[in-house]
Each structure stands twice: as C-alpha cells, then as structure tokens.
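Participant: Just so it is clear, I am handing over structure-v1.tsv, which has TSV, C-alpha atoms.
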```tsv
chain	number	residue	atom	x	y	z
A	1	MET	CA	-53.83	22.29	64.38
A	2	GLN	CA	-50.22	22.25	65.48
A	3	VAL	CA	-48.55	19.04	66.50
A	4	PHE	CA	-45.19	20.72	67.17
A	5	HIS	CA	-44.75	23.95	69.03
A	6	ARG	CA	-43.46	26.92	67.03
A	7	SER	CA	-40.15	26.82	68.85
A	8	THR	CA	-39.34	23.50	67.19
A	9	ASN	CA	-38.97	25.35	63.87
A	10	VAL	CA	-35.52	26.47	64.96
A	11	LEU	CA	-34.72	22.93	65.87
A	12	SER	CA	-35.87	21.60	62.50
A	13	ARG	CA	-33.90	24.25	60.61
A	14	PHE	CA	-30.92	23.29	62.69
A	15	THR	CA	-31.47	19.62	61.89
A	16	ILE	CA	-31.71	20.23	58.15
A	17	PHE	CA	-28.64	22.44	58.08
A	18	GLY	CA	-26.70	20.24	60.50
A	19	GLY	CA	-27.72	17.22	58.46
A	20	LEU	CA	-25.55	18.48	55.63
A	21	PHE	CA	-22.57	18.50	57.92
A	22	VAL	CA	-23.43	15.05	59.15
A	23	VAL	CA	-23.59	13.77	55.57
A	24	ALA	CA	-20.32	15.51	54.67
A	25	GLY	CA	-18.75	14.17	57.85
A	26	LEU	CA	-19.89	10.64	57.09
A	27	VAL	CA	-18.51	10.82	53.56
A	28	TYR	CA	-15.21	12.12	54.85
A	29	GLY	CA	-15.24	9.46	57.56
A	30	LEU	CA	-15.78	6.74	54.95
A	31	TYR	CA	-12.89	8.18	52.93
A	32	LEU	CA	-10.64	8.10	55.99
A	33	VAL	CA	-11.63	4.54	56.82
A	34	ASN	CA	-11.12	3.52	53.19
A	35	SER	CA	-7.60	4.90	53.11
A	36	SER	CA	-6.70	3.73	56.62
A	37	PRO	CA	-4.25	0.89	57.13
A	38	TYR	CA	-7.18	-1.15	58.46
A	39	VAL	CA	-8.59	-1.29	54.91
A	40	THR	CA	-5.48	-0.86	52.76
A	41	GLN	CA	-3.24	-3.03	54.96
A	42	GLN	CA	-0.46	-0.49	54.42
A	43	GLY	CA	2.40	-0.96	56.85
A	44	VAL	CA	0.86	-4.08	58.41
A	45	ALA	CA	3.44	-6.85	58.91
A	46	LYS	CA	2.12	-10.25	57.79
A	47	GLU	CA	2.72	-13.40	59.81
A	48	GLN	CA	4.24	-16.12	57.64
A	49	PRO	CA	4.24	-19.91	58.11
A	50	ILE	CA	8.06	-19.79	58.20
A	51	GLN	CA	10.13	-17.09	59.80
A	52	PHE	CA	11.83	-16.29	56.53
A	53	SER	CA	13.75	-13.03	56.69
A	54	HIS	CA	14.53	-10.81	53.70
A	55	LYS	CA	16.88	-8.87	55.96
A	56	HIS	CA	18.94	-12.06	56.40
A	57	HIS	CA	18.86	-13.33	52.87
A	58	ALA	CA	18.62	-10.24	50.63
A	59	GLY	CA	20.31	-7.83	53.05
A	60	GLU	CA	23.07	-9.54	55.00
A	61	LEU	CA	23.77	-12.44	52.65
A	62	GLY	CA	23.31	-10.19	49.62
A	63	ILE	CA	21.32	-12.70	47.57
A	64	ASP	CA	19.83	-11.00	44.49
A	65	CYS	CA	16.03	-10.71	44.33
A	66	ARG	CA	16.08	-12.66	41.06
A	67	TYR	CA	17.67	-15.72	42.67
A	68	CYS	CA	14.26	-16.35	44.25
A	69	HIS	CA	11.83	-14.18	42.25
A	70	THR	CA	13.03	-15.57	38.94
A	71	THR	CA	10.35	-14.31	36.56
A	72	VAL	CA	10.20	-10.68	37.66
A	73	GLU	CA	12.01	-9.39	34.55
A	74	LYS	CA	10.06	-11.45	32.04
A	75	LEU	CA	6.50	-11.93	33.24
A	76	ALA	CA	3.63	-10.14	34.90
A	77	TYR	CA	4.12	-12.38	37.91
A	78	ALA	CA	7.29	-11.89	39.97
A	79	GLY	CA	7.42	-15.58	40.91
A	80	MET	CA	7.66	-17.19	44.32
A	81	PRO	CA	10.60	-19.49	45.09
A	82	ALA	CA	9.96	-23.21	44.88
A	83	THR	CA	10.87	-25.26	47.93
A	84	LYS	CA	13.79	-26.56	45.88
A	85	THR	CA	15.21	-23.02	45.75
A	86	CYS	CA	15.44	-22.96	49.55
A	87	MET	CA	16.94	-26.46	49.52
A	88	ASN	CA	19.79	-25.31	47.25
A	89	CYS	CA	21.29	-24.01	50.47
A	90	HIS	CA	19.25	-25.53	53.27
A	91	SER	CA	19.85	-29.13	52.25
A	92	GLN	CA	23.38	-28.37	53.49
A	93	ILE	CA	23.26	-25.57	56.03
A	94	TRP	CA	21.14	-25.04	59.13
A	95	THR	CA	19.80	-28.53	58.54
A	96	ASN	CA	18.88	-28.92	62.20
A	97	SER	CA	17.07	-25.63	62.53
A	98	GLU	CA	13.51	-26.16	63.71
A	99	PHE	CA	12.54	-22.95	61.90
A	100	LEU	CA	13.31	-24.78	58.68
A	101	GLU	CA	11.31	-27.92	59.46
A	102	PRO	CA	8.33	-26.71	57.34
A	103	VAL	CA	10.71	-26.32	54.36
A	104	ARG	CA	12.10	-29.82	54.82
A	105	ARG	CA	8.59	-31.23	55.28
A	106	SER	CA	7.50	-29.59	52.04
A	107	TRP	CA	10.57	-31.07	50.30
A	108	ARG	CA	9.83	-34.56	51.68
A	109	THR	CA	6.09	-34.58	51.06
A	110	ASP	CA	5.89	-32.36	47.95
A	111	GLU	CA	3.23	-30.24	49.65
A	112	SER	CA	3.34	-26.50	48.99
A	113	ILE	CA	4.40	-23.99	51.57
A	114	GLU	CA	1.46	-21.59	51.90
A	115	TRP	CA	2.91	-18.09	52.16
A	116	THR	CA	0.58	-15.29	53.16
A	117	LYS	CA	0.27	-12.70	50.41
A	118	VAL	CA	1.52	-9.27	51.36
A	119	TYR	CA	0.84	-7.37	48.13
A	120	ASP	CA	-2.57	-8.28	46.82
A	121	LEU	CA	-4.42	-6.29	44.18
A	122	PRO	CA	-8.11	-6.96	43.50
A	123	GLN	CA	-8.50	-9.30	40.54
A	124	TYR	CA	-10.14	-6.60	38.42
A	125	VAL	CA	-6.76	-4.85	38.22
A	126	TYR	CA	-4.07	-5.94	35.78
A	127	PHE	CA	-0.50	-5.48	36.94
A	128	ASN	CA	2.70	-6.46	35.18
A	129	HIS	CA	6.17	-6.54	36.73
A	130	SER	CA	8.25	-6.87	33.59
A	131	ILE	CA	7.26	-3.54	32.02
A	132	HIS	CA	7.99	-1.63	35.22
A	133	VAL	CA	11.32	-3.32	35.86
A	134	ASN	CA	12.44	-2.86	32.24
A	135	LYS	CA	11.38	0.77	32.02
A	136	GLY	CA	13.29	2.05	35.01
A	137	VAL	CA	11.09	1.52	38.09
A	138	GLY	CA	13.07	-0.09	40.94
A	139	CYS	CA	11.72	-2.75	43.30
A	140	GLU	CA	12.42	-0.40	46.16
A	141	THR	CA	10.14	2.33	44.74
A	142	CYS	CA	7.12	0.07	45.18
A	143	HIS	CA	8.20	-2.40	47.87
A	144	GLY	CA	10.43	-0.28	50.10
A	145	ARG	CA	13.62	-1.35	51.85
A	146	VAL	CA	12.91	-5.07	51.68
A	147	ASP	CA	16.54	-5.73	52.60
A	148	LEU	CA	15.89	-4.25	56.04
A	149	MET	CA	12.65	-6.13	56.77
A	150	ASN	CA	12.63	-9.25	58.88
A	151	VAL	CA	8.92	-9.60	58.27
A	152	LEU	CA	7.56	-8.01	55.10
A	153	TRP	CA	4.97	-5.26	55.13
A	154	GLN	CA	3.23	-3.33	52.40
A	155	LYS	CA	4.81	0.03	51.67
A	156	PRO	CA	2.26	1.86	49.47
A	157	THR	CA	-1.51	2.09	49.94
A	158	MET	CA	-1.95	0.01	46.75
A	159	GLN	CA	-4.93	2.18	45.87
A	160	MET	CA	-5.56	3.49	42.37
A	161	GLN	CA	-4.38	6.91	43.40
A	162	TRP	CA	-0.94	5.53	44.13
A	163	CYS	CA	-0.57	3.91	40.70
A	164	LEU	CA	-1.85	7.04	38.99
A	165	ASP	CA	0.46	9.38	40.84
A	166	CYS	CA	3.34	7.68	39.05
A	167	HIS	CA	1.57	6.94	35.78
A	168	ARG	CA	0.78	10.63	35.33
A	169	GLN	CA	4.38	11.69	35.94
A	170	PRO	CA	6.75	8.71	35.87
A	171	GLU	CA	9.80	11.01	35.70
A	172	LYS	CA	9.42	11.57	39.43
A	173	TYR	CA	10.50	7.99	40.08
A	174	LEU	CA	12.53	6.60	37.16
A	175	ARG	CA	16.07	5.40	37.83
A	176	PRO	CA	18.87	4.07	35.60
A	177	ARG	CA	18.40	0.39	34.76
A	178	GLN	CA	21.53	-0.77	36.57
A	179	PHE	CA	19.96	0.28	39.89
A	180	ILE	CA	16.60	-1.49	39.51
A	181	PHE	CA	17.51	-4.18	42.03
A	182	SER	CA	19.60	-2.12	44.40
A	183	MET	CA	17.95	-1.23	47.64
A	184	ASP	CA	20.05	1.72	48.79
A	185	TYR	CA	19.87	3.82	45.61
A	186	GLN	CA	19.42	7.51	46.41
A	187	PRO	CA	17.68	9.63	43.77
A	188	PRO	CA	19.80	12.64	42.77
A	189	SER	CA	18.69	16.15	43.72
A	190	ASP	CA	17.86	16.81	40.06
A	191	GLN	CA	15.57	13.77	39.83
A	192	LEU	CA	13.13	15.50	37.47
A	193	ASP	CA	15.90	16.22	34.95
A	194	LEU	CA	17.24	12.69	35.18
A	195	GLY	CA	13.68	11.35	35.03
A	196	ARG	CA	12.90	13.24	31.85
A	197	LYS	CA	16.10	12.03	30.25
A	198	LEU	CA	15.38	8.40	31.18
A	199	LYS	CA	11.78	8.77	30.04
A	200	GLU	CA	13.11	9.65	26.61
A	201	GLU	CA	15.79	6.99	26.62
A	202	TYR	CA	13.55	4.11	27.77
A	203	ASP	CA	10.57	5.31	25.71
A	204	VAL	CA	8.31	5.65	28.75
A	205	HIS	CA	4.76	6.87	28.23
A	206	THR	CA	2.22	8.30	30.63
A	207	ARG	CA	-0.53	5.69	30.97
A	208	VAL	CA	-3.78	6.84	32.48
A	209	THR	CA	-6.40	5.26	30.23
A	210	CYS	CA	-8.63	3.01	32.31
A	211	SER	CA	-8.03	0.02	30.06
A	212	ALA	CA	-4.30	-0.02	30.84
A	213	CYS	CA	-5.10	-1.47	34.26
A	214	HIS	CA	-8.74	-2.54	33.94
A	215	ARG	CA	-8.74	-4.79	30.90
B	1	MET	CA	-56.24	14.35	62.57
B	2	SER	CA	-55.66	11.54	60.18
B	3	THR	CA	-53.91	13.84	57.67
B	4	GLU	CA	-51.60	15.03	60.42
B	5	ARG	CA	-50.73	11.49	61.36
B	6	ALA	CA	-50.07	10.77	57.72
B	7	SER	CA	-47.69	13.71	57.40
B	8	VAL	CA	-45.84	12.69	60.53
B	9	ARG	CA	-45.58	9.19	59.17
B	10	ARG	CA	-44.35	10.59	55.85
B	11	ALA	CA	-41.77	12.63	57.68
B	12	LEU	CA	-40.61	9.58	59.57
B	13	ARG	CA	-40.45	7.57	56.37
B	14	ALA	CA	-38.38	10.30	54.74
B	15	ARG	CA	-36.00	10.18	57.61
B	16	GLY	CA	-35.80	6.41	57.35
B	17	LEU	CA	-34.96	6.81	53.69
B	18	LEU	CA	-32.23	9.29	54.55
B	19	VAL	CA	-30.69	6.91	57.04
B	20	GLY	CA	-30.96	4.18	54.44
B	21	VAL	CA	-29.18	6.32	51.85
B	22	LEU	CA	-26.47	7.11	54.35
B	23	LEU	CA	-25.96	3.46	55.17
B	24	LEU	CA	-25.97	2.37	51.53
B	25	PRO	CA	-22.24	2.94	50.95
B	26	ALA	CA	-21.52	0.75	53.96
B	27	LEU	CA	-23.67	-2.01	52.45
B	28	LEU	CA	-22.07	-1.55	49.04
B	29	ALA	CA	-18.63	-1.81	50.59
B	30	GLY	CA	-19.62	-5.35	51.50
B	31	CYS	CA	-20.44	-6.19	47.87
B	32	ARG	CA	-17.10	-5.45	46.24
B	33	GLN	CA	-15.69	-8.90	46.94
B	34	ASP	CA	-17.37	-10.29	43.80
B	35	MET	CA	-15.09	-8.30	41.52
B	36	GLN	CA	-12.21	-8.46	43.94
B	37	ASP	CA	-12.08	-12.25	44.02
B	38	GLN	CA	-13.21	-13.45	40.63
B	39	PRO	CA	-13.84	-17.08	39.70
B	40	LYS	CA	-10.40	-17.44	38.13
B	41	TYR	CA	-6.95	-18.48	39.32
B	42	ASP	CA	-3.75	-16.45	39.52
B	43	ALA	CA	-0.30	-18.08	39.37
B	44	ASP	CA	0.59	-20.07	42.51
B	45	GLN	CA	-2.86	-19.54	44.01
B	46	ALA	CA	-4.28	-22.12	46.42
B	47	SER	CA	-7.23	-24.16	45.19
B	48	SER	CA	-9.84	-26.12	47.07
B	49	PHE	CA	-10.85	-27.88	43.86
B	50	PHE	CA	-7.73	-29.91	43.10
B	51	PRO	CA	-6.68	-32.59	45.60
B	52	ASP	CA	-3.11	-31.26	45.90
B	53	GLY	CA	-4.44	-27.81	46.80
B	54	ARG	CA	-2.68	-26.04	43.93
B	55	ALA	CA	-4.11	-24.03	41.08
B	56	ASN	CA	-0.89	-24.61	39.10
B	57	ARG	CA	-1.43	-27.91	37.29
B	58	PRO	CA	1.43	-30.33	36.67
B	59	LEU	CA	1.90	-31.81	33.20
B	60	VAL	CA	-0.03	-35.00	32.61
B	61	PRO	CA	2.48	-37.90	32.71
B	62	GLY	CA	3.83	-38.64	29.25
B	63	THR	CA	3.13	-35.16	27.89
B	64	VAL	CA	5.68	-34.00	25.35
B	65	VAL	CA	5.89	-30.24	25.38
B	66	HIS	CA	5.53	-28.78	21.90
B	67	GLY	CA	8.94	-27.64	20.71
B	68	SER	CA	10.82	-29.59	23.36
B	69	PHE	CA	12.57	-31.92	20.93
B	70	HIS	CA	15.86	-30.45	19.83
B	71	GLU	CA	18.18	-31.97	17.31
B	72	ASN	CA	20.86	-29.50	18.28
B	73	THR	CA	22.21	-31.48	21.23
B	74	ALA	CA	25.35	-29.33	21.40
B	75	TYR	CA	23.24	-26.32	22.33
B	76	TYR	CA	20.49	-27.96	24.38
B	77	GLU	CA	22.48	-30.67	26.16
B	78	GLY	CA	26.07	-29.48	25.86
B	79	LYS	CA	26.94	-32.78	24.16
B	80	GLU	CA	27.79	-33.94	20.69
B	81	ASN	CA	27.71	-37.67	19.97
B	82	GLY	CA	27.62	-38.20	23.73
B	83	GLN	CA	30.77	-36.18	24.30
B	84	PRO	CA	30.75	-32.79	26.12
B	85	VAL	CA	31.42	-29.93	23.71
B	86	ALA	CA	34.76	-28.20	24.23
B	87	VAL	CA	33.63	-24.61	23.66
B	88	PRO	CA	30.22	-22.92	24.03
B	89	PRO	CA	28.20	-23.40	20.80
B	90	VAL	CA	27.24	-19.73	20.73
B	91	LYS	CA	28.69	-16.59	19.22
B	92	LEU	CA	30.90	-14.78	21.72
B	93	THR	CA	29.97	-11.12	21.94
B	94	PRO	CA	30.51	-8.43	24.58
B	95	GLN	CA	26.74	-8.50	25.20
B	96	LEU	CA	26.85	-12.23	25.87
B	97	LEU	CA	29.70	-11.79	28.36
B	98	ALA	CA	27.88	-8.92	30.09
B	99	ARG	CA	24.76	-11.06	30.37
B	100	GLY	CA	26.89	-13.94	31.66
B	101	GLN	CA	28.45	-11.76	34.31
B	102	GLU	CA	25.05	-10.53	35.48
B	103	ARG	CA	23.59	-14.05	35.66
B	104	PHE	CA	26.74	-15.46	37.29
B	105	ASP	CA	26.55	-12.80	40.00
B	106	ILE	CA	22.88	-13.60	40.66
B	107	TYR	CA	22.89	-17.40	40.59
B	108	CYS	CA	26.47	-18.59	41.24
B	109	SER	CA	28.30	-15.94	43.25
B	110	PRO	CA	26.48	-16.58	46.58
B	111	CYS	CA	28.62	-19.74	46.81
B	112	HIS	CA	31.38	-19.48	44.20
B	113	ASP	CA	31.97	-15.74	44.86
B	114	ARG	CA	32.34	-13.15	42.14
B	115	THR	CA	35.77	-14.32	41.01
B	116	GLY	CA	34.92	-18.04	41.06
B	117	SER	CA	37.43	-18.91	43.78
B	118	GLY	CA	34.73	-20.61	45.85
B	119	ASN	CA	34.56	-18.41	48.92
B	120	GLY	CA	31.06	-16.94	48.53
B	121	MET	CA	28.91	-15.54	51.33
B	122	ILE	CA	27.10	-18.84	51.91
B	123	VAL	CA	30.45	-20.63	52.20
B	124	GLN	CA	31.47	-18.06	54.79
B	125	ARG	CA	28.28	-19.02	56.67
B	126	GLY	CA	29.13	-22.69	56.76
B	127	LEU	CA	28.53	-24.31	53.37
B	128	ARG	CA	31.24	-26.78	52.26
B	129	ARG	CA	33.62	-24.85	50.05
B	130	PRO	CA	33.32	-25.71	46.34
B	131	PRO	CA	36.52	-26.08	44.33
B	132	SER	CA	37.92	-22.94	42.74
B	133	PHE	CA	37.20	-22.56	39.01
B	134	HIS	CA	40.88	-21.69	38.63
B	135	ILE	CA	42.32	-25.11	39.50
B	136	GLN	CA	43.95	-27.02	36.66
B	137	ARG	CA	41.20	-29.66	36.43
B	138	LEU	CA	38.36	-27.18	36.02
B	139	ARG	CA	40.31	-24.93	33.67
B	140	GLU	CA	40.76	-27.90	31.39
B	141	ALA	CA	37.20	-29.16	31.75
B	142	PRO	CA	35.21	-28.74	28.51
B	143	ALA	CA	32.39	-26.18	28.31
B	144	GLY	CA	29.89	-29.02	28.04
B	145	TYR	CA	30.95	-30.23	31.49
B	146	TYR	CA	29.87	-26.91	33.03
B	147	PHE	CA	26.61	-27.15	31.14
B	148	ASP	CA	26.04	-30.54	32.70
B	149	VAL	CA	26.80	-29.29	36.23
B	150	ILE	CA	24.36	-26.37	35.90
B	151	THR	CA	21.66	-28.58	34.34
B	152	ASN	CA	21.95	-31.63	36.58
B	153	GLY	CA	23.85	-30.48	39.65
B	154	PHE	CA	27.04	-32.01	41.02
B	155	GLY	CA	27.62	-33.68	44.41
B	156	ILE	CA	26.00	-31.52	47.06
B	157	MET	CA	25.26	-28.73	44.58
B	158	LEU	CA	21.65	-29.00	43.37
B	159	ASN	CA	20.81	-28.19	39.75
B	160	TYR	CA	19.99	-24.74	38.41
B	161	ARG	CA	17.83	-26.01	35.57
B	162	ALA	CA	14.70	-24.20	36.70
B	163	GLN	CA	16.38	-20.92	37.61
B	164	VAL	CA	18.75	-20.57	34.64
B	165	PRO	CA	17.40	-21.10	31.09
B	166	VAL	CA	19.61	-22.62	28.39
B	167	ASP	CA	20.76	-19.40	26.73
B	168	ASP	CA	21.79	-17.97	30.10
B	169	ARG	CA	23.69	-21.18	30.93
B	170	TRP	CA	25.94	-20.60	27.91
B	171	ALA	CA	26.32	-16.92	28.80
B	172	ILE	CA	27.45	-17.93	32.30
B	173	ILE	CA	29.86	-20.50	30.92
B	174	ALA	CA	31.37	-17.96	28.53
B	175	TYR	CA	31.83	-15.63	31.49
B	176	ILE	CA	33.45	-18.37	33.62
B	177	ARG	CA	35.92	-18.85	30.76
B	178	ALA	CA	36.65	-15.12	30.86
B	179	LEU	CA	37.17	-15.31	34.65
B	180	GLN	CA	39.53	-18.24	34.22
B	181	LEU	CA	41.57	-16.31	31.68
B	182	SER	CA	41.61	-13.21	33.87
B	183	GLN	CA	42.85	-15.08	36.94
B	184	ASN	CA	45.66	-16.68	35.00
B	185	ALA	CA	46.64	-13.77	32.83
B	186	THR	CA	50.22	-12.62	32.46
B	187	ILE	CA	51.48	-9.24	31.42
B	188	GLY	CA	52.07	-10.80	28.00
B	189	ASP	CA	48.26	-11.00	27.50
B	190	VAL	CA	47.90	-7.24	27.78
B	191	PRO	CA	48.32	-5.31	24.52
B	192	ALA	CA	51.64	-3.46	24.65
B	193	ASP	CA	50.04	-0.02	24.33
B	194	GLN	CA	47.87	-0.59	27.42
B	195	ARG	CA	50.53	-1.90	29.82
B	196	ALA	CA	51.42	1.57	31.04
B	197	ALA	CA	47.80	2.16	32.10
B	198	LEU	CA	47.88	-1.10	34.04
B	199	ASP	CA	51.06	-0.09	35.89
B	200	GLN	CA	49.46	3.20	36.83
B	201	GLY	CA	46.32	1.42	38.06
B	202	ALA	CA	48.43	-0.94	40.19
B	203	ALA	CA	50.38	1.97	41.65
B	204	GLY	CA	47.13	3.67	42.55
B	205	HIS	CA	46.07	0.83	44.84
```
As structure tokens, what does this structure read like?
Facilitator:
Amino acid sequence: MQVFHRSTNVLSRFTIFGGLFVVAGLVYGLYLVNSSPYVTQQGVAKEQPIQFSHKHHAGELGIDCRYCHTTVEKLAYAGMPATKTCMNCHSQIWTNSEFLEPVRRSWRTDESIEWTKVYDLPQYVYFNHSIHVNKGVGCETCHGRVDLMNVLWQKPTMQMQWCLDCHRQPEKYLRPRQFIFSMDYQPPSDQLDLGRKLKEEYDVHTRVTCSACHR
Amino acid sequence: MSTERASVRRALRARGLLVGVLLLPALLAGCRQDMQDQPKYDADQASSFFPDGRANRPLVPGTVVHGSFHENTAYYEGKENGQPVAVPPVKLTPQLLARGQERFDIYCSPCHDRTGSGNGMIVQRGLRRPPSFHIQRLREAPAGYYFDVITNGFGIMLNYRAQVPVDDRWAIIAYIRALQLSQNATIGDVPADQRAALDQGAAGH
C-alpha cells in the first residue's frame, strides 16, 4: 500500500539533494557569522568610562606608548597605566575638567578605573608582547593607527588565522627595531627582501606548533 | 498498516535527528565560554572575590621583598653616607647613553623637551614650566640629586619611581649630563680635526 503518491518521489529526491545544499549553506553561514564583526568584535569602538583619547595623547601630544604601557617591552602583558600616571599631568592641568572627575575620584578613593577591554583573547591562548616587540613587529601592525583613534577599536579579527598568517611568514610584516613604536612607518616596496634580512638579523623563527600559543 | 506507520515515524525521527545535528554547532557555540573564561586571573583583571575588586593583590603590610635590601646605597638611593653622589655610580658607555636618551625621550621630554630646556609639549599646553637643566644651579647639582628627583618627585612634579627602574634612572642622568655638556659646549671642546665638518654643517643650515 502506498502512503505517498508516486509523484512525491521527485519531491523526495529534490529534498535529499537540496538538503546537501542546505547543510553546506548552513556551514558557510556559520563560518560567516563566526568571522563577522558581531562575533569577532573587529572594528567595533568600545565605550570607555572616561573619554580618554589616544589621538590626543599619543598623536597630538606625542606621548610615547611606553609612558603609559610600561611593561610592553619586558613582559607578556603590555600594562595599563595606573591612575597615578594620569595624575602626573592631570594633577596640574585640566584640573577642572568634568571629563577627568573619574580620574580624580580614583586618585582620592584609591578605587580602580574599570576600563573596557578592547583586545581580548580567550584564556586558552597564550600571547606575549615582549617577544613580538623585540623581534621586529610594530604596535601598529597589530593595533592599527592608534594615534588617530579617539575611541579605540580592534583592528584585526583576533582569530587564529590572523596569528598564523604572520607566524607562517613573518617576513611580510617585520620592520627595523627603531620603528616599533612609530605609527606612520610605511613598509618599503621591497618588504619581502627587508623582511628576510631582518628575520636573519633578529633570529626570527616561524612558529606554527600548537603549543606555542596553546600551552 | 502498523508497519507503515512505523516507517513514517522512523522517517520523521530521522529528520528530527538531522535537524538536531544541524543545530548542534549552534549549541556547541554556547559551550565555549568554559575554556574562554577559565577559573584563573589575568593581570589587572577585576575580581568579585576580593573586597577591593582587584585580582592584583597588594603586599601584606610589613612584607620585605626578597632582595630588596641593598647595601650599595650609592646605586640604589643615589646617596653615600647621606650625601648625594656627585657622579653616576655606573660605567659610562655609548650603550648607556643611547639607553638614557631613549628613556629620557619617553619619560621626561613631554615636559622638559628633548634638549632639557623645559618647554615640552605639556608645558605648551599649560603646565607650569620646569627650570631648564642648563641653568647654573642644576648644572652644578650632583648626580644623586637627579636620582632623588626621579625617585621621589620634586614640587609639582610627581615621582617616576614606578615607571623608571633604577638602572634606567642612571642612564637618564648620564644622558642629562651629556645634554648639559652639549648645550654649553664651545668650539674648544670639538677635536681640531672635526671642526671643519662642524663649520660645513652650520653653513648647510
């Protein structure tokens, strides 16, 4: 006995065949969602508790990154400025600015200013600033033109693919050490030649073993 | 009849399974937080456990950090028998001066400017102008005095103890000495065989 009419055979073949496309489509869709700014947070400006501007401080005033991010050359962690670091200047200038009241409150009460993290790797990934900075990778390569940002946003996707792209072929991005902190460095047209030379000089290795980053 | 029903039911169940398989990645995506946010603290992380809200723990009062006692007061305090040392207690090398220049430009030049005359960017934006390092009083001040200013601050200038470690303080001081010499140099300080180059350089400007 037939429950379905013969004509539904076409339909069922169509469903089985089409199903493959649906599955493929869903997988691709998931991939797109996973690499979209909604998930990666790439390019999304983060509200901060204080309207601190890198454009003002690092760009126009020309304060070196290391004045505030003091441990970036020595440790894994770049270091966030203590309230005292802001007070070096703001105990004297712009002392009436209401934008700076949270800084003064933190100084008075010894309560931390809670910045919103912009760059945030999952905790199963190990990252280390000092090795990158000392082996010829500039801040700008990973963080973009910070000196032009009023509010910071994340430049790369921060996905594994991004790290690996450089780890497989660091010569694409290496720059001479004296330009690590400069924001307007332009790579030369023969970057690959320069990169290979620096790779030799700074003893840079390709690192793609899983345990380099997942330890 | 009953076998047909069973096969229809089986078909439906198979389809349910398929849908389930398709939705599984979506469910898994919700699980990753366990590895993402592990039960451990990173530097400067917020904590709901400690009353001050910080994962960074302060030293317990009275703690003496291992290796923090130094007999060499000249190096670690800039003083000998309570008196500021006259010259930096370190070996002067080109590397030390280069390091000093780099650190001076990072930590001092925003206010004191790159030559030490006291007209840095922050001063141009309204900070009270610090004295020039090239005035008589500061040229004669002993090296230990500079060490004290960096370590403890001076007047409205807060200290740079946390930002500049001891070895870099001496590098900076050595560099300030070099700046002071350079700003008060005469043609007599230039080796005779290099004076011609200097004249050419000056003419070029």
Participant: Distance limit 8 Å, atoms considered: all atoms listed in the file. Which chain A residues sit that close to chain B? Return them as a VMD selection string.
Facilitator: chain A and resid 3 23 26 61 to 64 66 to 67 70 77 80 88 to 89 92 to 93 111 to 112 114 122 to 124
Participant: Tell me, as a PyMOL selection string, which residues lie within 10 Å of region 39-46 of chain A, counting only C-alpha atoms; anything in the same chain fewer than 6 positions away does not count.
Facilitator: chain A and resi 32-33+115-120+149-159
Participant: A:His54, A:His167, A:Lys84, A:His69: which is nearest Asp110 (chain A), counting only C-alpha atoms?
Facilitator: A:Lys84
Participant: What does the distance between CA of Lys91 (chain B) and CA of Pro142 (chain B) come to in Å, to one decimal place?
Facilitator: 16.6 Å
Participant: Neighbours of Gln191 (chain A) within 8 Å (all atoms listed in the file; same-chain residues fewer than 3 positions away dropped), as a list of chain:residue names?
Facilitator: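 That gives A:Glu171, A:Lys172, A:Tyr173, A:Pro187, A:Pro188, A:Leu194, A:Gly195.
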Participant: Counting all atoms listed in the file, which residue out of A:Lys197, A:His205, A:His129, A:Arg145 sits closest to Pro170 (chain A)?
Facilitator: A:His205
Participant: Quick one: pull the distance between CA of Phe69 (chain B) and CA of Arg161 (chain B), Å, one decimal.
Facilitator: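 Atom-to-atom, CA of Phe69 (chain B) to CA of Arg161 (chain B), that is 16.6 Å.
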Participant: Rounded to one decimal place, report the CA of Gln95 (chain B)-CA of Cys65 (chain A) distance in Å.
Facilitator: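 Here the two named atoms are 22.0 Å from each other.
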Participant: Using only C-alpha atoms for the distances, tell me which of A:Cys142, A:Phe14, A:Asp147, A:His214 is nearest to Cys166 (chain A).
Facilitator: A:Cys142
Participant: Determine, counting all atoms listed in the file, which protein, DNA and RNA residues have an atom within 12 Å of an atom of Thr109 (chain A); residues of the same chain fewer than 5 positions away are not included. Present the result as a list in words.
Facilitator: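 That gives Thr83, Glu101, Pro102, Val103 and Arg104 of chain A; Asp52 of chain B.
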Participant: Write out as a PyMOL selection string which residues come within 6 Å of Gly136 (chain A) when counting all atoms listed in the file, dropping same-chain ones fewer than 6 positions away.
Facilitator: chain A and resi 174-177
